[in-house]
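K.L.:
The structure follows.
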Amino acid sequence: MRSSLDENKPIFQQIREMIEDDIVNGNLKEEEQAPSTNQLVAYYKINPATVLKGFNQLVDAGILYKKRGVGMFVAAGAHQMLREQRKQAFQEQYVSSMLHEADKLGITIEEIKNMIDASKGRDN
Amino acid sequence: MPHMIRAERVSLQYQNKQVLEDISFNLEGGKIYGLLGRNGAGKTSLLSVLSAFVKATSGSITIDGQPIFENAALMEQMVFIRDVKLDEESGKAKKYIKDLSIFRPNFDLDYAEHLMQRFKLPTDTEVSKLSRGMQSALHVIIGLASRCPITIFDEAYLGMDAPAREIFYEEVLNDFMEHPRTIILSTHLISEMESMFEEVLIIDQGELILHEEAEILRDSGVSVTGAVEQVDYFVQGKHILKEQVLGGTKLVMLYGQLSEQEREEAKAMQLSLGPITLQELFIHLTKEDKQ
């Protein structure tokens, strides 16, 4: 969950990403119940139809499933599936754009590798 | 079944002034609608015609195919709440609510009671002695507790302070989920309220300039930033909302979505693309320089 929404993005997309994030980082486990529409509506003061749109996309993608009269639950395999998707996106979003910027600045692959090692050493 | 509201070529003249011009739309109902417009754009006029307080000069408003004007059965289905001053009203707030509830078949007194507590309405104070904010709260309580299939709030919350408005937004959403109905909210407090709307209508100078799903609208503007010549080249023939130059850099806001191809093109030209907010979209679509 996030404390507030970003007004620059469609809200249903943010709802979807928020739930995906919670699944990826383990806050929401498989077979656990996702937050209800009512909870999300009340918390973020958003239109219920918007929340449903986000949920429906997750159901279509096989991330959530509906238990009639109970609510939405995290599907088995959702964690793995999302991680795979994120890995692919990681390459496009981070690695490619990093190489593009490095190219502009004339940084070699060797230098990038050194930078990664240095950053890693600092973080650990 | 929600009621279908249909406006067909509605115009309103008031003392030789064209207040509304040729407005047509369909609201299928069962949703929360936002009516946005600047001060004086015609929001109140449109809602007054919609709720049959005022008769359109030409054109028609129908609900489920029936004309609304002087239609008592339909009027019972509808509540129109405006933030009018109640300085002439004698009698205590609680009695005021009770007296009005008689005209509303779905009125829920328990819910009204709950709202009075939430808004901390001093129920034993005379209506005319209530503060501006509390008079607003009183209107809002009546609007919500009436539970009319068509509930219209015309900036009814303007007198409220921020915490009271928060309560109002919460209650609208909550009660809408428990008792689905058509709710129309007019406002110019866009960034504060936009997330509540499923559909948005924007009027400007008496004309309806846009009616769209809020989520689509939130995705229908894009900002383009980059070197001046590159940006100028890229935005040729597109709907420009705003242009700004800072040194050699230019920012242009566009209305409409870019195709995948255009996005690739922008990337190749080293332009950066960003979203624009509903508030920005509204500001630039309703600028004064139209005429």
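Order determines the names: the first chain of the structure tokens is A, the second B, and so forth; residues in each chain are numbered 1 upward, and ligands are numbered 1 upward as they are shown.
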Output as an MDAnalysis selection string the set of chain B residues within 12 Å of chain A, with distances taken over only C-alpha atoms.
P.N.:
chainID B and resid 30:34 165:178 180 183 190:199 213:223 267:268 270 274:281
K.L.:
Please return as an MDAnalysis selection string: the residues of range 42-215 of chain B that backbone DSSP assigns to strand (DSSP E or B).
P.N.:
chainID B and resid 58:63 66:67 78:82 92 126 150:154 182:187 199:204 207:213
K.L.:
May I have the selected residues written with N, CA and C atoms, as a JSON list (two decimals), in the first residue's frame?
P.N.:
```json
[["chain", "number", "residue", "atom", "x", "y", "z"],
["B", 58, "SER", "N", -34.75, 26.36, -24.89],
["B", 58, "SER", "CA", -35.05, 25.37, -25.92],
["B", 58, "SER", "C", -34.32, 24.08, -25.60],
["B", 59, "GLY", "N", -34.74, 23.01, -26.27],
["B", 59, "GLY", "CA", -34.15, 21.71, -25.99],
["B", 59, "GLY", "C", -34.89, 21.02, -24.86],
["B", 60, "SER", "N", -34.48, 19.81, -24.54],
["B", 60, "SER", "CA", -35.23, 19.07, -23.52],
["B", 60, "SER", "C", -34.32, 18.22, -22.64],
["B", 61, "ILE", "N", -34.80, 18.02, -21.42],
["B", 61, "ILE", "CA", -34.16, 17.06, -20.52],
["B", 61, "ILE", "C", -35.19, 15.96, -20.26],
["B", 62, "THR", "N", -34.77, 14.72, -20.45],
["B", 62, "THR", "CA", -35.68, 13.62, -20.14],
["B", 62, "THR", "C", -34.99, 12.63, -19.22],
["B", 63, "ILE", "N", -35.82, 11.97, -18.42],
["B", 63, "ILE", "CA", -35.31, 10.88, -17.59],
["B", 63, "ILE", "C", -36.09, 9.64, -17.98],
["B", 66, "GLN", "N", -38.88, 10.41, -20.20],
["B", 66, "GLN", "CA", -39.96, 11.32, -19.84],
["B", 66, "GLN", "C", -39.43, 12.73, -19.56],
["B", 67, "PRO", "N", -40.11, 13.73, -20.11],
["B", 67, "PRO", "CA", -39.68, 15.10, -19.84],
["B", 67, "PRO", "C", -39.79, 15.40, -18.34],
["B", 78, "MET", "N", -35.47, 12.94, -7.20],
["B", 78, "MET", "CA", -34.32, 13.79, -7.44],
["B", 78, "MET", "C", -34.12, 14.78, -6.30],
["B", 79, "VAL", "N", -32.88, 14.98, -5.89],
["B", 79, "VAL", "CA", -32.62, 16.04, -4.93],
["B", 79, "VAL", "C", -31.49, 16.91, -5.46],
["B", 80, "PHE", "N", -31.68, 18.21, -5.35],
["B", 80, "PHE", "CA", -30.72, 19.18, -5.87],
["B", 80, "PHE", "C", -30.24, 20.03, -4.70],
["B", 81, "ILE", "N", -28.98, 19.89, -4.34],
["B", 81, "ILE", "CA", -28.45, 20.57, -3.16],
["B", 81, "ILE", "C", -27.52, 21.69, -3.56],
["B", 82, "ARG", "N", -27.85, 22.88, -3.12],
["B", 82, "ARG", "CA", -26.99, 24.03, -3.38],
["B", 82, "ARG", "C", -26.58, 24.63, -2.05],
["B", 92, "LYS", "N", -34.81, 24.80, 14.83],
["B", 92, "LYS", "CA", -33.55, 24.14, 15.08],
["B", 92, "LYS", "C", -33.17, 23.21, 13.93],
["B", 126, "GLU", "N", -30.37, 27.15, 16.28],
["B", 126, "GLU", "CA", -31.25, 27.58, 15.19],
["B", 126, "GLU", "C", -30.47, 27.61, 13.88],
["B", 150, "ILE", "N", -31.46, 10.09, -7.98],
["B", 150, "ILE", "CA", -30.62, 11.09, -8.64],
["B", 150, "ILE", "C", -30.30, 12.18, -7.63],
["B", 151, "THR", "N", -29.04, 12.26, -7.24],
["B", 151, "THR", "CA", -28.61, 13.19, -6.20],
["B", 151, "THR", "C", -27.61, 14.17, -6.80],
["B", 152, "ILE", "N", -27.96, 15.44, -6.71],
["B", 152, "ILE", "CA", -27.12, 16.46, -7.34],
["B", 152, "ILE", "C", -26.60, 17.44, -6.28],
["B", 153, "PHE", "N", -25.28, 17.58, -6.22],
["B", 153, "PHE", "CA", -24.67, 18.55, -5.31],
["B", 153, "PHE", "C", -24.00, 19.63, -6.15],
["B", 154, "ASP", "N", -24.52, 20.84, -6.02],
["B", 154, "ASP", "CA", -23.90, 21.94, -6.76],
["B", 154, "ASP", "C", -22.97, 22.72, -5.84],
["B", 182, "THR", "N", -27.34, 7.58, -8.88],
["B", 182, "THR", "CA", -26.66, 8.55, -9.73],
["B", 182, "THR", "C", -26.32, 9.77, -8.89],
["B", 183, "ILE", "N", -25.05, 10.10, -8.84],
["B", 183, "ILE", "CA", -24.64, 11.27, -8.06],
["B", 183, "ILE", "C", -23.89, 12.22, -9.00],
["B", 184, "ILE", "N", -24.34, 13.46, -9.02],
["B", 184, "ILE", "CA", -23.65, 14.46, -9.84],
["B", 184, "ILE", "C", -23.07, 15.52, -8.91],
["B", 185, "LEU", "N", -21.77, 15.75, -9.03],
["B", 185, "LEU", "CA", -21.10, 16.73, -8.18],
["B", 185, "LEU", "C", -20.49, 17.80, -9.07],
["B", 186, "SER", "N", -20.84, 19.05, -8.85],
["B", 186, "SER", "CA", -20.15, 20.08, -9.62],
["B", 186, "SER", "C", -19.06, 20.67, -8.75],
["B", 187, "THR", "N", -17.97, 21.05, -9.37],
["B", 187, "THR", "CA", -16.86, 21.58, -8.59],
["B", 187, "THR", "C", -15.85, 22.30, -9.45],
["B", 199, "GLU", "N", -17.20, 9.50, -14.45],
["B", 199, "GLU", "CA", -17.25, 10.25, -15.71],
["B", 199, "GLU", "C", -17.15, 11.73, -15.39],
["B", 200, "VAL", "N", -16.61, 12.46, -16.35],
["B", 200, "VAL", "CA", -16.41, 13.90, -16.16],
["B", 200, "VAL", "C", -17.04, 14.67, -17.31],
["B", 201, "LEU", "N", -17.76, 15.74, -16.97],
["B", 201, "LEU", "CA", -18.25, 16.66, -18.00],
["B", 201, "LEU", "C", -17.62, 18.02, -17.72],
["B", 202, "ILE", "N", -17.11, 18.65, -18.76],
["B", 202, "ILE", "CA", -16.52, 19.98, -18.58],
["B", 202, "ILE", "C", -17.34, 20.98, -19.38],
["B", 203, "ILE", "N", -17.80, 22.04, -18.70],
["B", 203, "ILE", "CA", -18.46, 23.09, -19.47],
["B", 203, "ILE", "C", -17.64, 24.38, -19.36],
["B", 204, "ASP", "N", -17.72, 25.11, -20.44],
["B", 204, "ASP", "CA", -16.97, 26.36, -20.51],
["B", 204, "ASP", "C", -17.81, 27.35, -21.29],
["B", 207, "GLU", "N", -20.98, 26.13, -22.83],
["B", 207, "GLU", "CA", -20.96, 25.01, -23.77],
["B", 207, "GLU", "C", -20.32, 23.78, -23.14],
["B", 208, "LEU", "N", -20.85, 22.63, -23.49],
["B", 208, "LEU", "CA", -20.23, 21.38, -23.03],
["B", 208, "LEU", "C", -19.04, 21.11, -23.93],
["B", 209, "ILE", "N", -17.84, 21.14, -23.36],
["B", 209, "ILE", "CA", -16.69, 20.94, -24.24],
["B", 209, "ILE", "C", -16.14, 19.52, -24.15],
["B", 210, "LEU", "N", -16.60, 18.77, -23.17],
["B", 210, "LEU", "CA", -16.04, 17.43, -23.03],
["B", 210, "LEU", "C", -16.90, 16.56, -22.11],
["B", 211, "HIS", "N", -17.08, 15.31, -22.47],
["B", 211, "HIS", "CA", -17.76, 14.32, -21.63],
["B", 211, "HIS", "C", -17.02, 13.02, -21.84],
["B", 212, "GLU", "N", -16.36, 12.54, -20.79],
["B", 212, "GLU", "CA", -15.46, 11.40, -20.97],
["B", 212, "GLU", "C", -15.31, 10.64, -19.66],
["B", 213, "GLU", "N", -14.95, 9.37, -19.77],
["B", 213, "GLU", "CA", -14.61, 8.60, -18.57],
["B", 213, "GLU", "C", -13.38, 9.23, -17.92]]
```
K.L.:
Using only C-alpha atoms, which residues sit within 8 Å of Arg147 in chain B once same-chain residues fewer than 5 positions away are excluded, as a PDB file with N, CA, C and O atoms, in the first residue's frame?
P.N.:
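The result, stored in part.pdb:
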```pdb
ATOM      1  N   ASN B 106     -37.311   8.059   0.436  1.00  0.00           N
ATOM      2  CA  ASN B 106     -36.221   7.171   0.865  1.00  0.00           C
ATOM      3  C   ASN B 106     -35.422   7.729   2.025  1.00  0.00           C
ATOM      4  O   ASN B 106     -34.379   7.189   2.375  1.00  0.00           O
ATOM      5  N   PHE B 107     -35.872   8.846   2.591  1.00  0.00           N
ATOM      6  CA  PHE B 107     -35.048   9.514   3.607  1.00  0.00           C
ATOM      7  C   PHE B 107     -34.738   8.584   4.768  1.00  0.00           C
ATOM      8  O   PHE B 107     -35.605   7.903   5.288  1.00  0.00           O
ATOM      9  N   ASP B 108     -33.458   8.565   5.160  1.00  0.00           N
ATOM     10  CA  ASP B 108     -33.024   7.693   6.248  1.00  0.00           C
ATOM     11  C   ASP B 108     -32.613   8.566   7.443  1.00  0.00           C
ATOM     12  O   ASP B 108     -31.526   9.144   7.469  1.00  0.00           O
ATOM     13  N   HIS B 179     -25.651   2.137  -1.297  1.00  0.00           N
ATOM     14  CA  HIS B 179     -26.920   2.446  -1.967  1.00  0.00           C
ATOM     15  C   HIS B 179     -26.615   3.077  -3.322  1.00  0.00           C
ATOM     16  O   HIS B 179     -26.670   4.301  -3.463  1.00  0.00           O
TER      17      HIS B 179
END
```
K.L.:
Compile the contact shell of Gly62 in chain A as a list in words: residues with an atom at most 10 Å away, counting only C-alpha atoms, same-chain residues fewer than 6 positions apart removed.
P.N.:
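My list of contacting residues is Asn56, Val74, Ala75, Ala76, Gly77, Ala78 and Met81 of chain A.
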K.L.:
Write down as a ChimeraX atom specification the residues of range 61-233 of chain B whose backbone DSSP state falls under alpha helix (DSSP H).
P.N.:
/B:72-75,93-101,109-118,132-145,162-178,190-193,214-217,228-233
K.L.:
Show which residues sit within 7 Å of Gly159 in chain B, as a PDB file with N, CA, C and O atoms, in the first residue's frame. Count only C-alpha atoms, and ignore same-chain residues fewer than 6 positions away.
P.N.:
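What follows is the written file out.pdb:
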```pdb
ATOM      1  N   ARG B 132     -21.301  29.326   8.502  1.00  0.00           N
ATOM      2  CA  ARG B 132     -21.353  29.004   7.071  1.00  0.00           C
ATOM      3  C   ARG B 132     -21.047  27.524   6.833  1.00  0.00           C
ATOM      4  O   ARG B 132     -21.750  26.822   6.115  1.00  0.00           O
ATOM      5  N   GLY B 133     -19.987  27.042   7.482  1.00  0.00           N
ATOM      6  CA  GLY B 133     -19.575  25.653   7.305  1.00  0.00           C
ATOM      7  C   GLY B 133     -20.651  24.686   7.765  1.00  0.00           C
ATOM      8  O   GLY B 133     -20.893  23.656   7.143  1.00  0.00           O
ATOM      9  N   SER B 136     -23.482  24.530   5.335  1.00  0.00           N
ATOM     10  CA  SER B 136     -23.089  23.640   4.240  1.00  0.00           C
ATOM     11  C   SER B 136     -23.302  22.187   4.648  1.00  0.00           C
ATOM     12  O   SER B 136     -23.834  21.381   3.887  1.00  0.00           O
TER      13      SER B 136
END
```
K.L.:
Near Glu262 in chain B, within 12 Å and counting only C-alpha atoms, which residues show up once chain neighbours fewer than 5 positions away are dropped, as a list in words?
P.N.:
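Final neighbour list, sorted by chain and number: Val222, Val224, Phe234, Val235, Lys238, Gly256, Gln257, Lys267, Ala268, Met269, Leu271 and Leu273 of chain B.
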K.L.:
Please indicate the distance in Å from CA of Gly37 in chain B to CA of Tyr255 in chain B, rounded to one decimal place.
P.N.:
17.8 Å
